[in-house]
Amino acid sequence: MAIDVVEPDRRDFLTLAAGTFVAVGGAISLWPFIDQMNIDAGAQSLASIEIDIAPVVVGQAITVMWRNKPVFIRHRTKEEIEKALAVDVKDLPDDIARNEGLPASALATDGNRTKPGHENWLIMVGICTHLGCIPKGQTLSDKRGDFDGWFCPCHGSHYDTAGRIRKGPAPRNLEVPIYEFITKTKIKIG
Amino acid sequence: MAAHESTCVPKSRFGKWMDVRLPIGRLVHDQLVDFPTPRNLNYLWTFGSILSFFLMLQILTGIVLAMHYQPSAADAFDSVVRIDRDVNFGWLLRPLHAVGASMFFLAVYIHIFRGLYYGSYKAPREILWIIGVLIFVAMMAAAFLGYSLPWGQMSFWAVTVITNLFSSLDDVIPGLGTTVVQWLWGGYSVTGVTLNRFFSLHYLLPFVIVGLVGLHIWALHVVGQNNPTGVDIKTKSDAVTFYPYATSKDAVGIFGFMILFLWFVFFLPDYLGHADNYIPADPLVTPPHIVPEWYFLPYYAILRAIPSKLFGVIAIFSSLGVLLFVPWLDTSLVRSTKYRPFYKWFFWLLVLSCLALGYLGSKPADGAYVIWARVFTAYYFAHFLIVLPLMGLIERPKRVPGSITEDVLGPEGTAGAAATGKKG
Amino acid sequence: MKRLVPTSGFAAIMTAVMLFAGTDPVLAAEEHAPQHVERLDWSFAGVGGQYDRAQLQRGFQVFQQVCTACHGLKYVRFGNLADSGGPQFPLDAVKALAASWPYQITDGPNNEGKMVERLPGLADPIVGPYKNDKEARSVQGGALPPDLSLIVKARGVESHAPWYTHWFWMLADIATAYQEGGADYIYALLTGYEDAPAGAELAEGMYYNAAFPGHQMVMSPPLSKDFFIEYQPDSGATGSLDQNAKDVTAFLAWAADPRLDTRKRLGWQVLLYLLITTLLLYAVKKRIWARVKH
């Protein structure tokens with residue numbers, strides 16, 4: 001009774017084929033369980049926002065929320081702009097502009113951190129590039145660090161008046177999002 | 001745990017080192033590789049594995065759904081809609097969980113009726129059976145709690161109606177029922193507070209079920225599997241090893257059952273649910289015809305068959321409770337219904353009653369529907385309380401084969417197997 | 001293989017239990033007034049059905065010109081109208097549509113602490129005229145025009161088959177993947193307005209509808225033989241009551257189940273995979289069990 005008459009090759013092939021099918025199917029079906037944690041369609045569709053910046057007087061700054069991130073909008077003074085222009089890009093810890101609206105290789109000049117004709121406005125995502133804290137410097141009473149820009153209290157990163165990292169552990173300049181001026185006093189972020 | 005002598009011989013040095021400290025390898029080898037399995041099991045015996053598969057799938061899909069679900073009255077419905085529309089693969093994961101619950105019940109019903117037919121509850125499998133009943137009850141609780149979560153009209157009114165069952169305790173001790181119900185609700189009616197606790201418990205119960213399943217499998221491996229003849233394994237030739245025999249068959253069972261399951265998931269994701277649950281919960285409007293999910297319909301029919309509130313509730317709980325006593329209610333000397341020419345008919349009558357109760361549970365509770373629900377409810381209880389004890393005394397069973405091997409090979413084959421004695 | 005018999009017997013019976021339960025007694029019509037709802041041949045029906053993009057576009061036109069007078073579509077974003085698998089209008093057209101939508105989004109509070117009304121954008125829901133249910137009820141004389149995002153899923157048709165054929169129709173529905181009861185009902189409702197038959201009492205301000213449970217409906221006929229939407233010449237169909245009703249129903253079916261196309265397409269791939277794997281596993285099992293008689 002029950003003698004294995006089948007040539008072993010065929011059985012091995014069958015077992016291998018079935019095993020492969022189960023393994024590959026099992027592996028592929030993991031994908032929905034992983035992908036569900038990615039950003040969903042609702043969050044991806046989050047709109048751009050429009051902001052009226054007319055009320056922000058010279059020397060003041062406001063913070064707005066965009067994609068649940070704080071965006072710093074500072075109306076810079078003449079001195080602040082001059083200070084930022086005076087820095088040689090070669091001396092910066094991070095010499096890349098980090099401006100989403102410019103090529104990735106653009107240098108971190110003050111002009112590359114702002115829009116031509118609107119140099120008095122500095123608009124950046126207000127998240128420290130070190131570990132994600134919100135730097136201080138938006139209100140007049142805040143400590144603004146050694147370079148009169150922003151200072152991150154978590155681990156002591158100093159940003160200058162163009163939002164560039166000058167001192168401390170943060171590796172990159174504050175990120176400039178995509179934005180445009182719709183009118184002279186109205187911007188659209190995103 | 002072992003019902004058979006361990007044949008595990010660790011080969012590697014690490015294996016030997018582990019074996020004297022935490023013999024997991026030995027456990028797996030003895031229980032999942034070398035475990036003696038009756039050679040005559042049919043595909044109905046693959047449902048244990050199918051159920052384990054569904055338990056794991058429900059937990060896995062449940063965990064990922066909980067990442068997107070919000071258990072508050074204001075957000076629950078919207079968060080479920082968002083899962084369907086916006087979450088990556090949410091349109092697949094939610095039906096996997098919802099249809100998965102239905103298929104879990106379909107599989108457990110087949111598993112239970114298989115046990116009833118082949119007498120798998122009879123000595124020495126009483127504890128195995130009782131743990132099984134407890135798993136079934138825990139599944140029902142988990143399913144009911146889970147059904148409340150989308151917070152649609154059916155969810156809301158199912159919670160209201162089912163929790164109100166406990167208000168019948170007012171008929172026993174005045175005030176007791178109201179106290180219990182308000183304790184369950186955390187308010188004067190079903191609210192977001194209720195939803196929040198139901199979510200918590202819904203997340204807890206599956207792990208209770210996992211524990212019970214562990215005990216169920218432990219008990220199974222102490223007494224060994226029953227088989228279509230109901231005759232115990234006596235010699236080596238009665239059994240095959242769990243691996244690869246049972247595992248290869250279980251794999252076919254699981255994948256075969258998945259075809260049915262995924263047919264519903266992909267092509268009929270809403271078929272087993274109710275359209276009203278796509279209307280957000282409204283405490284001011286009860287849907288014209290509220291019905292539970294299909295797997296609760298027989299119990300719902302029993303509830304409505306009884307004109308008294310208290311006794312209706314007692315009947316529902318008794319219909320489950322009676323299952324606990326089945327091992328002692330059955331007086332038959334043989335296990336398998338295969339050898340019980342008369343009881344066989346009564347078994348199918350029980351199946352028919354459950355099907356009929358399911359149908360009646362989906363119909364309005366009036367007229368002939370109620371009358372028929374009473375008839376079938378009466379038979380349901382009579383089957384366990386009268387037929388099962390009496391048939392064992394009256395009926396003369398057919399001849400039961402002397403061994404599993406004899407059943408498979410016939411009397412001559414048994415002699416051959418005993419002579420060669422190598423198979424299994 | 002003789003042992004397959006009890007297996008399939010069991011399975012058939014348990015499937016039958018499930019089928020019994022599967023009927024949707026949702027719109028339980030009053031016993032005395034059966035609803036009149038017929039099954040239509042939808043492009044998205046059954047196991048292989050997909051939406052007809054041109055039909056969804058026409059359906060949106062009807063929705064926009066007729067339904068939005070009272071109803072919103074709050075779970076659908078304007079941007080979704082450009083999604084593939086839907087009407088798939090060009091993104092620029094959808095932007096323009098949102099910018100010219102008659103109803104505004106309440107947003108805020110702004111820096112002065114006030115709520116503001118603004119035009120919707122791509123990420124905003126397709127809003128109706130009412131800010132909330134209470135406003136809707138007060139304007140509509142107590143009746144609530146429901147949001148239509150999920151209406152096709154939230155409606156169904158009860159089977160009236162007697163018990164002895166019930167199971168057969170359910171098996172047939174499962175085998176053919178019939179899940180279009182909601183769409184059938186909405187179409188029947190839109191085309192179901194007629195003169196009340198003799199003897200039927202109609203309350204003040206109600207309309208007789210053959211498909212509506214109880215037949216008395218507070219919604220006035222949104223479309224009729226004399227009032228329907230004309231389509232563009234290149235839209236693939238000519239306007240009529242029947243065509244409008246079909247198209248807007250198809251559009252609402254998409255709104256309720258925007259992932260249908262993807263789901264059915266992936267479904268076939270998965271089932272094919274399962275079928276092949278099951279057969280392979282069965283072959284393996286047969287080989288293994290060939291070593292013992294069983």
# chains A, B, ... in the order shown; residues from 1 in each chain; ligands from 1

call {"tool": "interface_residues", "arguments": {"of": "chain A", "to": "chain B", "cutoff": "12 Å", "atoms": "only C-alpha atoms", "output": "list in words"}}
result
Met1, Ala2, Ile3, Thr15, Ala18, Gly19, Phe21, Val22, Gly25, Gly26, Ser29, Leu30, Trp31, Pro32, Phe33, Ile34, Asp35, Gln36, Met37, Asn38, Ile39, Asp40, Ala41, Gly42, Ala43, Gln44 and Ser45 of chain A

call {"tool": "write_last_selection", "arguments": {"atoms": "C-alpha atoms", "output": "mmCIF file, in the first residue's frame"}}
result
data_model
loop_
_atom_site.group_PDB
_atom_site.id
_atom_site.type_symbol
_atom_site.label_atom_id
_atom_site.label_comp_id
_atom_site.auth_asym_id
_atom_site.auth_seq_id
_atom_site.Cartn_x
_atom_site.Cartn_y
_atom_site.Cartn_z
ATOM 1 C CA MET A 1 0.000 0.000 0.000
ATOM 2 C CA ALA A 2 0.799 3.621 -0.341
ATOM 3 C CA ILE A 3 4.095 3.461 -2.111
ATOM 4 C CA THR A 15 5.720 22.201 -3.463
ATOM 5 C CA ALA A 18 2.817 26.445 -4.196
ATOM 6 C CA GLY A 19 5.197 27.687 -1.526
ATOM 7 C CA PHE A 21 2.783 31.531 -4.576
ATOM 8 C CA VAL A 22 1.832 31.612 -0.905
ATOM 9 C CA GLY A 25 0.994 36.582 -2.126
ATOM 10 C CA GLY A 26 1.566 36.939 1.588
ATOM 11 C CA SER A 29 -0.733 41.555 0.921
ATOM 12 C CA LEU A 30 1.398 43.207 3.585
ATOM 13 C CA TRP A 31 1.553 46.336 1.452
ATOM 14 C CA PRO A 32 -1.964 47.651 2.253
ATOM 15 C CA PHE A 33 -1.164 47.243 5.948
ATOM 16 C CA ILE A 34 1.970 49.356 5.526
ATOM 17 C CA ASP A 35 0.642 51.874 3.031
ATOM 18 C CA GLN A 36 -2.359 52.734 5.200
ATOM 19 C CA MET A 37 0.002 54.647 7.481
ATOM 20 C CA ASN A 38 1.157 56.921 4.653
ATOM 21 C CA ILE A 39 -0.355 60.385 4.236
ATOM 22 C CA ASP A 40 -3.957 59.920 3.168
ATOM 23 C CA ALA A 41 -5.779 61.523 0.256
ATOM 24 C CA GLY A 42 -7.517 64.010 2.530
ATOM 25 C CA ALA A 43 -4.312 65.391 3.948
ATOM 26 C CA GLN A 44 -2.635 65.406 0.529
ATOM 27 C CA SER A 45 -5.383 67.572 -0.860
#

call {"tool": "residues_around", "arguments": {"residues": "Ile279 (chain B)", "least_positions_apart": "2", "cutoff": "8 Å", "atoms": "only C-alpha atoms", "output": "list in words"}}
result
Gly152, Gln153, Ala275, Asp276, Asn277 and Ala281 of chain B; Leu150 and Ala154 of chain C

call {"tool": "residues_around", "arguments": {"residues": "Ile290 (chain B)", "least_positions_apart": "4", "cutoff": "12 Å", "atoms": "only C-alpha atoms", "output": "VMD selection string"}}
result
(chain B and resid 153 to 162 273 to 277 285 to 286 294 297 300 361 to 365) or (chain C and resid 24 to 28)

call {"tool": "select_by_dssp", "arguments": {"residues": "chain A", "states": "strand (DSSP E)", "output": "ChimeraX atom specification"}}
result
/A:49-52,61-66,69-75,121-125,148-152,157-160,165-167,179-183,186-189

call {"tool": "write_last_selection", "arguments": {"atoms": "N, CA and C atoms", "output": "CSV table (one decimal), in the first residue's frame"}}
result
chain,number,residue,atom,x,y,z
A,49,ILE,N,-3.0,78.2,1.2
A,49,ILE,CA,-3.7,79.2,1.9
A,49,ILE,C,-3.3,80.6,1.5
A,50,GLU,N,-4.2,81.5,1.6
A,50,GLU,CA,-4.0,82.9,1.2
A,50,GLU,C,-3.9,83.7,2.5
A,51,ILE,N,-2.9,84.6,2.6
A,51,ILE,CA,-2.8,85.4,3.8
A,51,ILE,C,-2.7,86.9,3.4
A,52,ASP,N,-3.4,87.7,4.1
A,52,ASP,CA,-3.3,89.1,3.9
A,52,ASP,C,-2.2,89.6,4.9
A,61,ALA,N,6.2,90.3,13.1
A,61,ALA,CA,6.2,89.0,12.4
A,61,ALA,C,4.8,88.3,12.8
A,62,ILE,N,4.3,87.5,11.9
A,62,ILE,CA,3.2,86.7,12.3
A,62,ILE,C,3.5,85.2,12.0
A,63,THR,N,2.7,84.3,12.6
A,63,THR,CA,2.9,82.9,12.4
A,63,THR,C,1.5,82.4,11.9
A,64,VAL,N,1.5,81.7,10.8
A,64,VAL,CA,0.3,81.1,10.3
A,64,VAL,C,0.5,79.6,10.1
A,65,MET,N,-0.7,78.9,10.1
A,65,MET,CA,-0.6,77.4,10.0
A,65,MET,C,-0.8,77.1,8.5
A,66,TRP,N,0.1,76.2,8.0
A,66,TRP,CA,0.0,75.7,6.7
A,66,TRP,C,0.3,74.2,6.7
A,69,LYS,N,1.7,73.1,9.9
A,69,LYS,CA,3.0,73.5,10.2
A,69,LYS,C,3.0,75.0,10.4
A,70,PRO,N,3.8,75.5,11.4
A,70,PRO,CA,3.8,77.0,11.5
A,70,PRO,C,4.7,77.6,10.4
A,71,VAL,N,4.2,78.7,9.8
A,71,VAL,CA,4.9,79.4,8.8
A,71,VAL,C,5.2,80.8,9.4
A,72,PHE,N,6.5,81.1,9.4
A,72,PHE,CA,6.9,82.4,9.9
A,72,PHE,C,6.8,83.5,8.8
A,73,ILE,N,6.2,84.6,9.0
A,73,ILE,CA,6.2,85.7,8.0
A,73,ILE,C,6.7,86.9,8.8
A,74,ARG,N,7.9,87.3,8.4
A,74,ARG,CA,8.5,88.5,9.1
A,74,ARG,C,8.7,89.7,8.1
A,75,HIS,N,8.2,90.8,8.6
A,75,HIS,CA,8.4,92.0,7.8
A,75,HIS,C,9.7,92.6,8.3
A,121,TRP,N,10.1,90.9,2.9
A,121,TRP,CA,9.3,89.8,3.5
A,121,TRP,C,10.1,88.5,3.5
A,122,LEU,N,10.2,87.9,4.7
A,122,LEU,CA,10.9,86.6,4.8
A,122,LEU,C,9.8,85.6,5.2
A,123,ILE,N,9.7,84.6,4.4
A,123,ILE,CA,8.6,83.6,4.7
A,123,ILE,C,9.2,82.2,4.8
A,124,MET,N,9.1,81.5,5.9
A,124,MET,CA,9.8,80.2,6.1
A,124,MET,C,8.9,79.3,7.0
A,125,VAL,N,9.1,78.0,6.8
A,125,VAL,CA,8.5,77.1,7.7
A,125,VAL,C,9.2,77.2,9.0
A,148,ASP,N,20.3,87.8,15.8
A,148,ASP,CA,19.1,88.7,15.8
A,148,ASP,C,18.0,88.1,14.9
A,149,GLY,N,18.1,86.8,14.6
A,149,GLY,CA,17.0,86.2,13.8
A,149,GLY,C,16.1,85.4,14.7
A,150,TRP,N,16.4,84.1,14.8
A,150,TRP,CA,15.6,83.2,15.6
A,150,TRP,C,16.5,82.3,16.5
A,151,PHE,N,16.0,81.9,17.6
A,151,PHE,CA,16.8,81.1,18.5
A,151,PHE,C,16.0,79.9,18.9
A,152,CYS,N,16.5,78.7,18.7
A,152,CYS,CA,15.7,77.5,19.1
A,152,CYS,C,16.1,77.1,20.5
A,157,SER,N,20.0,76.4,18.8
A,157,SER,CA,20.4,76.7,17.4
A,157,SER,C,20.1,78.2,17.1
A,158,HIS,N,21.1,78.9,16.5
A,158,HIS,CA,20.9,80.4,16.3
A,158,HIS,C,20.7,80.6,14.8
A,159,TYR,N,19.6,81.3,14.4
A,159,TYR,CA,19.4,81.6,13.0
A,159,TYR,C,19.5,83.1,12.8
A,160,ASP,N,20.0,83.5,11.6
A,160,ASP,CA,20.1,84.9,11.4
A,160,ASP,C,18.9,85.5,10.8
A,165,ILE,N,21.0,79.0,9.4
A,165,ILE,CA,21.6,78.5,10.6
A,165,ILE,C,23.0,79.1,10.7
A,166,ARG,N,23.4,79.6,11.9
A,166,ARG,CA,24.7,80.2,12.0
A,166,ARG,C,25.5,79.5,13.1
A,167,LYS,N,24.8,79.0,14.1
A,167,LYS,CA,25.5,78.5,15.3
A,167,LYS,C,24.6,77.4,15.9
A,179,TYR,N,5.7,79.8,-2.4
A,179,TYR,CA,4.6,80.8,-2.2
A,179,TYR,C,4.7,81.8,-3.3
A,180,GLU,N,3.7,82.6,-3.4
A,180,GLU,CA,3.7,83.7,-4.4
A,180,GLU,C,3.0,84.9,-3.9
A,181,PHE,N,3.4,86.0,-4.4
A,181,PHE,CA,2.6,87.3,-4.1
A,181,PHE,C,1.5,87.4,-5.1
A,182,ILE,N,0.2,87.4,-4.6
A,182,ILE,CA,-0.9,87.6,-5.5
A,182,ILE,C,-1.1,89.1,-5.7
A,183,THR,N,-1.0,89.9,-4.7
A,183,THR,CA,-0.9,91.3,-4.8
A,183,THR,C,0.2,91.7,-3.9
A,186,LYS,N,-0.8,90.5,-0.4
A,186,LYS,CA,-1.5,89.2,-0.2
A,186,LYS,C,-0.6,88.1,-0.8
A,187,ILE,N,-0.3,87.0,0.1
A,187,ILE,CA,0.5,85.9,-0.4
A,187,ILE,C,-0.3,84.7,-0.4
A,188,LYS,N,0.1,83.7,-1.2
A,188,LYS,CA,-0.5,82.4,-1.3
A,188,LYS,C,0.6,81.4,-1.0
A,189,ILE,N,0.4,80.6,0.0
A,189,ILE,CA,1.5,79.6,0.4
A,189,ILE,C,1.0,78.3,-0.1

call {"tool": "select_by_dssp", "arguments": {"residues": "region 30-139 of chain A", "states": "alpha helix (DSSP H)", "output": "number ranges by chain"}}
result
A: 30-35, 41-44, 78-86, 110-113

call {"tool": "interface_residues", "arguments": {"of": "chain C", "to": "chain A", "cutoff": "10 Å", "atoms": "only C-alpha atoms", "output": "ChimeraX atom specification"}}
result
/C:77,79-80,121-124,270,273-274,276-285,287-293

call {"tool": "write_last_selection", "arguments": {"atoms": "C-alpha atoms", "output": "PDB file, in the first residue's frame"}}
result
ATOM      1  CA  ARG C  77     -14.281  67.325  -2.268  1.00  0.00           C
ATOM      2  CA  GLY C  79     -10.842  67.997  -6.162  1.00  0.00           C
ATOM      3  CA  ASN C  80     -12.372  64.504  -6.268  1.00  0.00           C
ATOM      4  CA  GLY C 121     -11.316  75.447  -3.201  1.00  0.00           C
ATOM      5  CA  LEU C 122     -10.280  72.009  -4.431  1.00  0.00           C
ATOM      6  CA  ALA C 123      -9.890  70.639  -0.903  1.00  0.00           C
ATOM      7  CA  ASP C 124     -13.318  71.797   0.235  1.00  0.00           C
ATOM      8  CA  VAL C 270      -6.640  38.667  -6.235  1.00  0.00           C
ATOM      9  CA  TYR C 273      -4.192  34.468  -7.617  1.00  0.00           C
ATOM     10  CA  LEU C 274      -6.264  32.671  -4.986  1.00  0.00           C
ATOM     11  CA  ILE C 276      -4.238  29.282  -8.838  1.00  0.00           C
ATOM     12  CA  THR C 277      -2.727  29.025  -5.363  1.00  0.00           C
ATOM     13  CA  THR C 278      -5.603  26.902  -4.088  1.00  0.00           C
ATOM     14  CA  LEU C 279      -5.206  24.524  -7.025  1.00  0.00           C
ATOM     15  CA  LEU C 280      -1.460  24.311  -6.465  1.00  0.00           C
ATOM     16  CA  LEU C 281      -1.945  23.662  -2.764  1.00  0.00           C
ATOM     17  CA  TYR C 282      -4.544  21.042  -3.586  1.00  0.00           C
ATOM     18  CA  ALA C 283      -2.118  19.306  -5.908  1.00  0.00           C
ATOM     19  CA  VAL C 284       0.537  19.367  -3.204  1.00  0.00           C
ATOM     20  CA  LYS C 285      -1.923  17.991  -0.686  1.00  0.00           C
ATOM     21  CA  ARG C 287       0.724  14.246  -3.587  1.00  0.00           C
ATOM     22  CA  ILE C 288       1.375  14.167   0.124  1.00  0.00           C
ATOM     23  CA  TRP C 289      -1.744  12.173   0.904  1.00  0.00           C
ATOM     24  CA  ALA C 290      -1.053   9.773  -1.948  1.00  0.00           C
ATOM     25  CA  ARG C 291       1.397   8.122   0.458  1.00  0.00           C
ATOM     26  CA  VAL C 292      -1.452   6.944   2.705  1.00  0.00           C
ATOM     27  CA  LYS C 293      -4.880   5.604   1.951  1.00  0.00           C
TER      28      LYS C 293
END

call {"tool": "closest_residue", "arguments": {"among": "C:Val94, C:Ala45, C:Met206, C:Cys67", "to": "chain B", "atoms": "only C-alpha atoms"}}
result
C:Ala45

call {"tool": "residues_around", "arguments": {"residues": "region 228-245 of chain C", "least_positions_apart": "2", "cutoff": "8 Å", "atoms": "only C-alpha atoms", "output": "list in words"}}
result
Ala54, Gln55, Arg58, Gly59, Val62, Gln65, Tyr187, Leu190, Thr191, Leu223, Ser224, Lys225, Asp226, Asp247, Val248 and Thr249 of chain C

call {"tool": "atom_distance", "arguments": {"atom1": "CA of Val58 (chain A)", "atom2": "CA of Cys133 (chain A)"}}
result
25.8 Å

call {"tool": "atom_distance", "arguments": {"atom1": "CA of Ala98 (chain C)", "atom2": "CA of Leu119 (chain C)"}}
result
7.2 Å

call {"tool": "atom_distance", "arguments": {"atom1": "CA of Ile173 (chain B)", "atom2": "CA of Ser148 (chain B)"}}
result
28.6 Å

call {"tool": "residues_around", "arguments": {"residues": "region 133-140 of chain C", "least_positions_apart": "5", "cutoff": "10 Å", "atoms": "only C-alpha atoms", "output": "count of residues only"}}
result
8

call {"tool": "residues_around", "arguments": {"residues": "Val326 (chain B)", "least_positions_apart": "6", "cutoff": "9 Å", "atoms": "only C-alpha atoms", "output": "VMD selection string"}}
result
chain B and resid 116 121 to 122 126 129 384 to 385 388

call {"tool": "write_last_selection", "arguments": {"atoms": "C-alpha atoms", "output": "CSV table (one decimal), in the first residue's frame"}}
result
chain,number,residue,atom,x,y,z
B,116,LEU,CA,-22.2,18.4,17.2
B,121,TYR,CA,-18.0,17.2,22.8
B,122,LYS,CA,-18.2,13.7,24.3
B,126,GLU,CA,-15.9,18.2,27.6
B,129,TRP,CA,-16.1,21.9,24.1
B,384,PHE,CA,-30.9,19.5,23.4
B,385,LEU,CA,-33.1,18.9,26.4
B,388,LEU,CA,-30.3,14.3,22.8

call {"tool": "decode", "arguments": {"residues": "region 67-74 of chain C", "atoms": "all heavy atoms", "output": "PDB file, in the first residue's frame"}}
result
ATOM      1  N   CYS C  67     -30.124  69.052  -8.192  1.00  0.00           N
ATOM      2  CA  CYS C  67     -30.087  68.605  -6.789  1.00  0.00           C
ATOM      3  C   CYS C  67     -29.539  69.658  -5.836  1.00  0.00           C
ATOM      4  O   CYS C  67     -29.976  69.765  -4.694  1.00  0.00           O
ATOM      5  CB  CYS C  67     -29.258  67.341  -6.660  1.00  0.00           C
ATOM      6  SG  CYS C  67     -29.642  66.082  -7.876  1.00  0.00           S
ATOM      7  N   THR C  68     -28.530  70.438  -6.322  1.00  0.00           N
ATOM      8  CA  THR C  68     -27.865  71.360  -5.402  1.00  0.00           C
ATOM      9  C   THR C  68     -28.791  72.455  -4.895  1.00  0.00           C
ATOM     10  O   THR C  68     -28.411  73.190  -3.986  1.00  0.00           O
ATOM     11  CB  THR C  68     -26.640  72.021  -6.060  1.00  0.00           C
ATOM     12  OG1 THR C  68     -27.058  72.573  -7.288  1.00  0.00           O
ATOM     13  CG2 THR C  68     -25.520  71.038  -6.259  1.00  0.00           C
ATOM     14  N   ALA C  69     -29.966  72.561  -5.473  1.00  0.00           N
ATOM     15  CA  ALA C  69     -30.912  73.538  -4.944  1.00  0.00           C
ATOM     16  C   ALA C  69     -31.190  73.251  -3.474  1.00  0.00           C
ATOM     17  O   ALA C  69     -31.429  74.175  -2.696  1.00  0.00           O
ATOM     18  CB  ALA C  69     -32.207  73.505  -5.755  1.00  0.00           C
ATOM     19  N   CYS C  70     -31.176  71.992  -3.099  1.00  0.00           N
ATOM     20  CA  CYS C  70     -31.468  71.634  -1.705  1.00  0.00           C
ATOM     21  C   CYS C  70     -30.388  70.763  -1.057  1.00  0.00           C
ATOM     22  O   CYS C  70     -30.266  70.747   0.161  1.00  0.00           O
ATOM     23  CB  CYS C  70     -32.791  70.869  -1.618  1.00  0.00           C
ATOM     24  SG  CYS C  70     -34.204  71.773  -2.224  1.00  0.00           S
ATOM     25  N   HIS C  71     -29.666  69.968  -1.860  1.00  0.00           N
ATOM     26  CA  HIS C  71     -28.781  68.953  -1.280  1.00  0.00           C
ATOM     27  C   HIS C  71     -27.307  69.308  -1.427  1.00  0.00           C
ATOM     28  O   HIS C  71     -26.908  69.941  -2.403  1.00  0.00           O
ATOM     29  CB  HIS C  71     -28.999  67.599  -1.955  1.00  0.00           C
ATOM     30  CG  HIS C  71     -30.389  67.081  -1.847  1.00  0.00           C
ATOM     31  ND1 HIS C  71     -30.828  66.343  -0.774  1.00  0.00           N
ATOM     32  CD2 HIS C  71     -31.450  67.191  -2.669  1.00  0.00           C
ATOM     33  CE1 HIS C  71     -32.099  66.022  -0.950  1.00  0.00           C
ATOM     34  NE2 HIS C  71     -32.505  66.525  -2.095  1.00  0.00           N
ATOM     35  N   GLY C  72     -26.507  68.829  -0.479  1.00  0.00           N
ATOM     36  CA  GLY C  72     -25.058  68.950  -0.565  1.00  0.00           C
ATOM     37  C   GLY C  72     -24.433  67.582  -0.806  1.00  0.00           C
ATOM     38  O   GLY C  72     -25.130  66.565  -0.926  1.00  0.00           O
ATOM     39  N   LEU C  73     -23.115  67.580  -0.859  1.00  0.00           N
ATOM     40  CA  LEU C  73     -22.361  66.352  -1.114  1.00  0.00           C
ATOM     41  C   LEU C  73     -21.104  66.455  -0.249  1.00  0.00           C
ATOM     42  O   LEU C  73     -19.994  66.538  -0.738  1.00  0.00           O
ATOM     43  CB  LEU C  73     -22.009  66.311  -2.609  1.00  0.00           C
ATOM     44  CG  LEU C  73     -21.867  64.994  -3.340  1.00  0.00           C
ATOM     45  CD1 LEU C  73     -23.146  64.180  -3.247  1.00  0.00           C
ATOM     46  CD2 LEU C  73     -21.537  65.237  -4.805  1.00  0.00           C
ATOM     47  N   LYS C  74     -21.310  66.455   1.076  1.00  0.00           N
ATOM     48  CA  LYS C  74     -20.261  66.945   1.957  1.00  0.00           C
ATOM     49  C   LYS C  74     -19.040  66.033   2.070  1.00  0.00           C
ATOM     50  O   LYS C  74     -17.979  66.479   2.483  1.00  0.00           O
ATOM     51  CB  LYS C  74     -20.823  67.206   3.354  1.00  0.00           C
ATOM     52  CG  LYS C  74     -21.276  65.969   4.088  1.00  0.00           C
ATOM     53  CD  LYS C  74     -21.724  66.329   5.505  1.00  0.00           C
ATOM     54  CE  LYS C  74     -22.316  65.115   6.186  1.00  0.00           C
ATOM     55  NZ  LYS C  74     -22.855  65.438   7.508  1.00  0.00           N
TER      56      LYS C  74
END
